Number of protein chains: 2
Amino acid sequence: MSLDDRKLEVLRAIVEDYVSTQEPVGSKALADRHQLGVSPATIRNDMAILEEEGLIAQPHTSAGRVPTDKGYRLFVDRLSTIKPLSPAERRAIHSFLDGAVDLDDVVARTVRLLAQLTRQVAVVQYPSLSRSTIRHVELVPLSPARILLVMITDAGRVEQRIVELPSDVDEQLVADLRARISGAVQGLEFSAVGAAVESLPTAFEHEDRVTVSAIVATLLDSLVERREERIAVAGTANITRFGHEFDAALAPLLEALEEQVVLLKLLGEATSPSTLTVRIGHENPGQLSAASVVTTGYGPGDRALATLGVVGPTRMDYPGTIASVGAVARYVSQILAANS
Amino acid sequence: MSLDDRKLEVLRAIVEDYVSTQEPVGSKALADRHQLGVSPATIRNDMAILEEEGLIAQPHTSAGRVPTDKGYRLFVDRLSTIKPLSPAERRAIHSFLDGAVDLDDVVARTVRLLAQLTRQVAVVQYPSLSRSTIRHVELVPLSPARILLVMITDAGRVEQRIVELPSDVDEQLVADLRARISGAVQGLEFSAVGAAVESLPTAFEHEDRVTVSAIVATLLDSLVERREERIAVAGTANITRFGHEFDAALAPLLEALEEQVVLLKLLGEATSPSTLTVRIGHENPGQLSAASVVTTGYGPGDRALATLGVVGPTRMDYPGTIASVGAVARYVSQILAANS
DNA sequence: AATTGGCACTCGAAGATGCCGAGTGCCAGA
DNA sequence: TCTGGCACTCGGCATCTTCGAGTGCCAATT
């Protein structure tokens with residue numbers, strides 16, 4: 001027996017009720033709260049079939065039904081319509097983000113906004129260096145043997161590193177090198193920088209090559225560094241609302257949220273802002289197999305420089321969360337585009 | 001009746017047992033586990049007096065005693081000796097912090113180290129700008145109407161801001177201004193910068209004053225900005241170990257740890273690394289009245305630029321925590337001093 | 001063939017009950 | 001001042017009972 005429309009309707013009703021009440025839902029409650037036009041007994045038969053299909057389950061014999069991960073998956077893929085944001089939510093997004101003064105501020109505000117809108121845990125990756133292009137490179141001599149290397153990306157991100165040189169270096173050389181590096185890499189993607197600067201040292205006098213190599217090496221270093229992937233998290237206090245399934249699993253979850261590595265895996269590859277990824281329950285790596293994750297990419301003008309999203313219980317309001325994540329990603333992208 | 005030595009010894013025993021077992025401790029257990037040389041009955045009499053003094057309390061009639069905030073206070077002030085760190089802990093501190101490449105890295109490592117050592121929540125403030133001195137100021141023209149302002153402090157912190165100018169400006173003026181600002185503020189504390197640059201615009205041609213004022217204003221701005229007080233937090237997962245008192249109060253605690261304002265109040269004024277502050281229970285502001293906080297200042301060569309510390313349950317291992325916080329602060333201070 | 005009402009059954013949640021024992025306070029004696 | 005003895009209190013725990021929500025199945029109806 002296949003799943004006719006009414007059975008799917010029953011599944012949708014179960015998901016919606018369970019999300020809002022956080023309690024297993026029974027056939028009677030369903031008949032009362034939704035206009036399905038059939039009696040509880042009929043619904044029971046449908047539920048038996050949905051259960052056979054693995055879409056819903058009973059926590060224990062005399063309880064109502066709860067959607068399984070598979071059930072949520074079907075709901076998200078085929079049954080849910082995008083819930084439009086309320087005017088208040090739209091206003092919140094604009095007023096929250098409009099005051100941002102620089103990139104750090106944009107990210108900080110975005111993550112807090114998302115946490116507040118979705119009442120879940122928000123995660124925002126800083127625009128990735130490797131996918132950004134270089135707007136400007138600067139070398140500033142601090143002392144004879146110390147140089148400040150500054151890089152500015154098209155997303156407004158400023159990276160700086162202090163380079164300790166093996167020997168003193170004169171200002172003329174620095175200025176010269178600055179001009180050459182600038183010329184070589186301006187407008188390039190970071191991922192292409194390596195090839196572009198590789199041959200630079202050979203253009204210099206032999207005695208200067210050590211110095212030049214040191215600077216070039218640092219520049220390359222900072223491309224692969226830990227800071228390349230900074231991540232902001234907010235709304236961790238919301239996990240207390242995730243429900244009793246998490247009472248025992250709080251520690252692993254909190255640990256996961258402090259681990260860069262886990263978070264990066266979580267956010268995954270940046271997708272275009274118009275595509276949105278939903279990962280449900282066991283579709284996530286181990287520590288997070290009881291959670292769902294909604295992510296999408298963002299960046300100036302639809303170029304996905306980084307990923308943002310939220311982490312919540314599998315029993316989350318998918319349509320609402322999806323709408324919020326999408327709207328925020330689009331608006332942040334606009335702001336970044338305006339600032340370039 | 002005053003508190004003779006044995007009663008204080010009983011209090012110490014109660015604190016130590018309660019900290020290690022997390023359970024109210026009774027007279028019998030005390031007599032068994034400590035060599036007090038008296039019988040349980042005697043201990044009971046002593047406990048009755050300690051209770052009258054408000055140093056210990058009974059959760060309910062037929063339970064053992066638990067130290068009150070006042071009891072912990074007395075324990076910390078007069079009964080606890082500093083617990084020397086284990087060699088393993090010393091090694092951990094060194095190996096953890098020695099690999100740090102720059103200030104951000106030092107802070108990031110410190111906060112994780114503290115969380116790991118104390119198994120509590122660690123909080124580290126970035127070296128405060130206003131108490132730092134300026135090592136270097138740089139102005140980098142990015143485009144005709146855009147300048148990058150970079151400031152480097154003696155703690156190695158690099159602050160940068162992009163200044164949008166009202167009109168184009170030529171490079172000569174920028175270079176000139178750079179030299180003047182540099183001369184005026186180098187070596188000064190940030191808090192003294194305002195007075196030092198105030199009169200700068202008047203030294204320029206009338207037509208340039210608008211530009212100069214804009215740059216000076218941004219410079220002053222960045223002194224009072226939100227980023228002035230960045231704070232790193234780690235070990236939030238440890239709150240799950242804080243005990244059942246916190247089960248209900250998890251959300252407020254997590255919220256407090258995300259709120260800059262609360263954290264700043266928590267860390268308070270930076271004290272010298274040799275002084276250490278312990279705030280117990282209700283001595284803390286509202287949301288944290290169930291927690292204890294151990295903080296101390298740190299900075300290059302005993303100049304307290306910022307504060308670091310840990311937040312834990314009132315029932316914490318004070319001697320151990322105090323030793324860890326102190327040792328970490330001292331070592332970080334050394335590292336900062338070495339880098340200046 | 002699908003739907004429905006009826007009905008017996010299951011089983012967890014929530015109380016009620018009773019016991020156990022840790023811990024106390026008090027007292028009389030050393 | 002300390003100690004052993006003793007009666008008392010009361011929370012925790014295990015056990016038992018009750019209650020009812022929810023189910024599956026079946027025979028009757030459409």
# chains A, B, ... in the order shown; residues from 1 in each chain; ligands from 1
$ interface_residues --of "chain D" --to "chain A" --cutoff "8 Å" --atoms "only C-alpha atoms (C1' of nucleotides)" --output "NGL selection string"
:D and (21-23)
$ write_last_selection --atoms "N, CA and C atoms (P, O5', C5', C4', C3', O3' and C1' of nucleotides)" --output "PDB file, in the first residue's frame"
ATOM      1  P    DA D  21      -7.373  10.478  29.251  1.00  0.00           P
ATOM      2  O5'  DA D  21      -6.196  10.841  28.242  1.00  0.00           O
ATOM      3  C5'  DA D  21      -4.856  10.885  28.721  1.00  0.00           C
ATOM      4  C4'  DA D  21      -3.972  10.078  27.804  1.00  0.00           C
ATOM      5  C3'  DA D  21      -4.396  10.131  26.338  1.00  0.00           C
ATOM      6  O3'  DA D  21      -3.237  10.288  25.542  1.00  0.00           O
ATOM      7  C1'  DA D  21      -4.313   7.886  27.046  1.00  0.00           C
ATOM      8  P    DG D  22      -3.383  10.668  24.019  1.00  0.00           P
ATOM      9  O5'  DG D  22      -3.212   9.242  23.348  1.00  0.00           O
ATOM     10  C5'  DG D  22      -1.964   8.581  23.467  1.00  0.00           C
ATOM     11  C4'  DG D  22      -2.146   7.172  23.000  1.00  0.00           C
ATOM     12  C3'  DG D  22      -2.886   7.042  21.663  1.00  0.00           C
ATOM     13  O3'  DG D  22      -1.991   6.615  20.648  1.00  0.00           O
ATOM     14  C1'  DG D  22      -3.600   5.430  23.266  1.00  0.00           C
ATOM     15  P    DT D  23      -2.570   6.258  19.206  1.00  0.00           P
ATOM     16  O5'  DT D  23      -2.512   4.671  19.227  1.00  0.00           O
ATOM     17  C5'  DT D  23      -1.359   4.055  19.774  1.00  0.00           C
ATOM     18  C4'  DT D  23      -1.639   2.579  19.984  1.00  0.00           C
ATOM     19  C3'  DT D  23      -2.173   1.899  18.731  1.00  0.00           C
ATOM     20  O3'  DT D  23      -1.187   1.029  18.202  1.00  0.00           O
ATOM     21  C1'  DT D  23      -3.476   1.333  20.678  1.00  0.00           C
TER      22       DT D  23
END
$ residues_around --residues "A:Lys70" --least-positions-apart "4" --cutoff "7 Å" --atoms "only C-alpha atoms (C1' of nucleotides)" --output "VMD selection string"
chain A and resid 54 to 55 74
$ write_last_selection --atoms "N, CA and C atoms" --output "CSV table (one decimal), in the first residue's frame"
chain,number,residue,atom,x,y,z
A,54,GLY,N,8.3,3.4,8.5
A,54,GLY,CA,9.4,4.0,9.3
A,54,GLY,C,9.4,5.5,9.4
A,55,LEU,N,8.2,6.1,9.1
A,55,LEU,CA,8.1,7.6,9.2
A,55,LEU,C,7.8,8.1,10.5
A,74,LEU,N,11.0,13.5,5.0
A,74,LEU,CA,9.9,13.6,4.0
A,74,LEU,C,9.1,14.9,4.2
$ closest_atom_pairs --of "chain B" --to "chain A" --cutoff "10 Å" --atoms "only C-alpha atoms" --output "tab-separated table"
residue	atom	partner	partner_atom	distance
B:Val101	CA	A:Ile162	CA	9.5
B:Asp102	CA	A:Ile162	CA	8.2
B:Asp104	CA	A:Arg227	CA	9.3
B:Asp105	CA	A:Arg227	CA	9.1
B:Arg112	CA	A:Glu258	CA	9.9
B:Arg135	CA	A:Leu142	CA	8.8
B:His136	CA	A:Leu142	CA	7.0
B:Val137	CA	A:Leu142	CA	9.1
B:Glu138	CA	A:Val140	CA	7.6
B:Leu139	CA	A:Val140	CA	9.4
B:Val140	CA	A:Glu138	CA	7.6
B:Pro141	CA	A:Glu138	CA	9.5
B:Leu142	CA	A:His136	CA	7.0
B:Ser143	CA	A:His136	CA	9.5
B:Leu148	CA	A:Ile152	CA	9.7
B:Val150	CA	A:Val150	CA	9.4
B:Ile152	CA	A:Leu142	CA	9.4
B:Gly156	CA	A:Ile162	CA	9.0
B:Val158	CA	A:Gln160	CA	7.9
B:Glu159	CA	A:Gln160	CA	9.5
B:Gln160	CA	A:Val158	CA	7.9
B:Arg161	CA	A:Asp102	CA	8.4
B:Ile162	CA	A:Asp102	CA	8.4
B:Arg226	CA	A:Asp105	CA	9.5
B:Arg227	CA	A:Asp105	CA	9.1
B:Val233	CA	A:Glu258	CA	9.4
B:Ala234	CA	A:Glu258	CA	7.3
B:Gly235	CA	A:Glu255	CA	7.7
B:Thr236	CA	A:Leu254	CA	6.6
B:Ala237	CA	A:Ala251	CA	4.9
B:Asn238	CA	A:Ala251	CA	7.1
B:Ile239	CA	A:Ala251	CA	8.1
B:Thr240	CA	A:Ala251	CA	6.1
B:Arg241	CA	A:Ala251	CA	8.7
B:Asp247	CA	A:Asp247	CA	9.2
B:Ala248	CA	A:Thr240	CA	9.1
B:Ala249	CA	A:Thr240	CA	9.6
B:Leu250	CA	A:Thr240	CA	7.1
B:Ala251	CA	A:Ala237	CA	4.9
B:Pro252	CA	A:Ala237	CA	7.4
B:Leu253	CA	A:Ala237	CA	7.9
B:Leu254	CA	A:Ala237	CA	4.9
B:Glu255	CA	A:Ala237	CA	5.5
B:Ala256	CA	A:Ala237	CA	9.0
B:Leu257	CA	A:Ala237	CA	9.1
B:Glu258	CA	A:Ala234	CA	7.3
$ interface_residues --of "chain C" --to "chain A" --cutoff "9 Å" --atoms "only C-alpha atoms (C1' of nucleotides)" --output "list in words"
DT3, DT4, DG5, DT10, DC11 and DG12 of chain C
$ decode --residues "stretch 81-150 of chain A" --atoms "C-alpha atoms" --output "PDB file, in the first residue's frame"
ATOM      1  CA  THR A  81       5.822  25.173   2.442  1.00  0.00           C
ATOM      2  CA  ILE A  82       8.029  28.136   3.155  1.00  0.00           C
ATOM      3  CA  LYS A  83       6.605  30.134   5.975  1.00  0.00           C
ATOM      4  CA  PRO A  84       6.845  33.833   5.141  1.00  0.00           C
ATOM      5  CA  LEU A  85       8.534  35.939   7.782  1.00  0.00           C
ATOM      6  CA  SER A  86       6.393  38.215   9.861  1.00  0.00           C
ATOM      7  CA  PRO A  87       6.808  41.945   9.301  1.00  0.00           C
ATOM      8  CA  ALA A  88       8.249  42.177  12.785  1.00  0.00           C
ATOM      9  CA  GLU A  89      10.896  39.636  11.878  1.00  0.00           C
ATOM     10  CA  ARG A  90      11.769  41.503   8.703  1.00  0.00           C
ATOM     11  CA  ARG A  91      12.111  44.678  10.635  1.00  0.00           C
ATOM     12  CA  ALA A  92      14.271  42.958  13.210  1.00  0.00           C
ATOM     13  CA  ILE A  93      16.656  41.726  10.540  1.00  0.00           C
ATOM     14  CA  HIS A  94      17.049  45.158   9.010  1.00  0.00           C
ATOM     15  CA  SER A  95      17.388  47.162  12.155  1.00  0.00           C
ATOM     16  CA  PHE A  96      19.752  44.628  13.647  1.00  0.00           C
ATOM     17  CA  LEU A  97      22.134  44.511  10.737  1.00  0.00           C
ATOM     18  CA  ASP A  98      21.994  48.028   9.410  1.00  0.00           C
ATOM     19  CA  GLY A  99      24.121  49.551  12.126  1.00  0.00           C
ATOM     20  CA  ALA A 100      27.136  47.313  11.532  1.00  0.00           C
ATOM     21  CA  VAL A 101      30.366  49.244  11.147  1.00  0.00           C
ATOM     22  CA  ASP A 102      32.722  46.608   9.772  1.00  0.00           C
ATOM     23  CA  LEU A 103      32.990  42.957   8.918  1.00  0.00           C
ATOM     24  CA  ASP A 104      33.572  41.750  12.465  1.00  0.00           C
ATOM     25  CA  ASP A 105      30.542  43.676  13.508  1.00  0.00           C
ATOM     26  CA  VAL A 106      28.425  42.247  10.700  1.00  0.00           C
ATOM     27  CA  VAL A 107      29.286  38.718  11.743  1.00  0.00           C
ATOM     28  CA  ALA A 108      28.753  39.418  15.437  1.00  0.00           C
ATOM     29  CA  ARG A 109      25.358  40.937  14.791  1.00  0.00           C
ATOM     30  CA  THR A 110      24.325  38.244  12.356  1.00  0.00           C
ATOM     31  CA  VAL A 111      25.002  35.415  14.744  1.00  0.00           C
ATOM     32  CA  ARG A 112      23.082  37.051  17.536  1.00  0.00           C
ATOM     33  CA  LEU A 113      20.219  37.912  15.242  1.00  0.00           C
ATOM     34  CA  LEU A 114      19.916  34.344  13.995  1.00  0.00           C
ATOM     35  CA  ALA A 115      19.971  32.980  17.516  1.00  0.00           C
ATOM     36  CA  GLN A 116      17.242  35.356  18.526  1.00  0.00           C
ATOM     37  CA  LEU A 117      15.027  34.758  15.501  1.00  0.00           C
ATOM     38  CA  THR A 118      15.168  30.994  15.612  1.00  0.00           C
ATOM     39  CA  ARG A 119      15.589  30.599  19.368  1.00  0.00           C
ATOM     40  CA  GLN A 120      18.226  28.042  18.622  1.00  0.00           C
ATOM     41  CA  VAL A 121      21.992  27.971  18.425  1.00  0.00           C
ATOM     42  CA  ALA A 122      23.361  30.100  15.607  1.00  0.00           C
ATOM     43  CA  VAL A 123      26.684  29.502  13.902  1.00  0.00           C
ATOM     44  CA  VAL A 124      28.308  31.900  11.459  1.00  0.00           C
ATOM     45  CA  GLN A 125      31.572  31.353   9.670  1.00  0.00           C
ATOM     46  CA  TYR A 126      33.671  34.400   8.845  1.00  0.00           C
ATOM     47  CA  PRO A 127      34.037  34.934   5.128  1.00  0.00           C
ATOM     48  CA  SER A 128      36.623  32.425   4.099  1.00  0.00           C
ATOM     49  CA  LEU A 129      39.962  33.798   3.064  1.00  0.00           C
ATOM     50  CA  SER A 130      40.666  31.231   0.414  1.00  0.00           C
ATOM     51  CA  ARG A 131      37.578  32.113  -1.552  1.00  0.00           C
ATOM     52  CA  SER A 132      37.993  35.861  -1.152  1.00  0.00           C
ATOM     53  CA  THR A 133      39.916  38.086  -3.497  1.00  0.00           C
ATOM     54  CA  ILE A 134      42.617  40.463  -2.379  1.00  0.00           C
ATOM     55  CA  ARG A 135      41.759  44.104  -2.447  1.00  0.00           C
ATOM     56  CA  HIS A 136      44.964  45.420  -0.988  1.00  0.00           C
ATOM     57  CA  VAL A 137      48.299  44.266   0.423  1.00  0.00           C
ATOM     58  CA  GLU A 138      50.473  46.439   2.607  1.00  0.00           C
ATOM     59  CA  LEU A 139      53.870  46.026   4.237  1.00  0.00           C
ATOM     60  CA  VAL A 140      54.615  48.339   7.139  1.00  0.00           C
ATOM     61  CA  PRO A 141      58.100  48.447   8.641  1.00  0.00           C
ATOM     62  CA  LEU A 142      57.808  48.468  12.411  1.00  0.00           C
ATOM     63  CA  SER A 143      61.438  48.231  13.311  1.00  0.00           C
ATOM     64  CA  PRO A 144      64.502  47.264  11.291  1.00  0.00           C
ATOM     65  CA  ALA A 145      63.830  43.565  11.631  1.00  0.00           C
ATOM     66  CA  ARG A 146      60.080  43.550  11.960  1.00  0.00           C
ATOM     67  CA  ILE A 147      57.398  44.050   9.371  1.00  0.00           C
ATOM     68  CA  LEU A 148      53.631  44.184   9.634  1.00  0.00           C
ATOM     69  CA  LEU A 149      51.893  42.381   6.804  1.00  0.00           C
ATOM     70  CA  VAL A 150      48.322  43.532   6.172  1.00  0.00           C
TER      71      VAL A 150
END
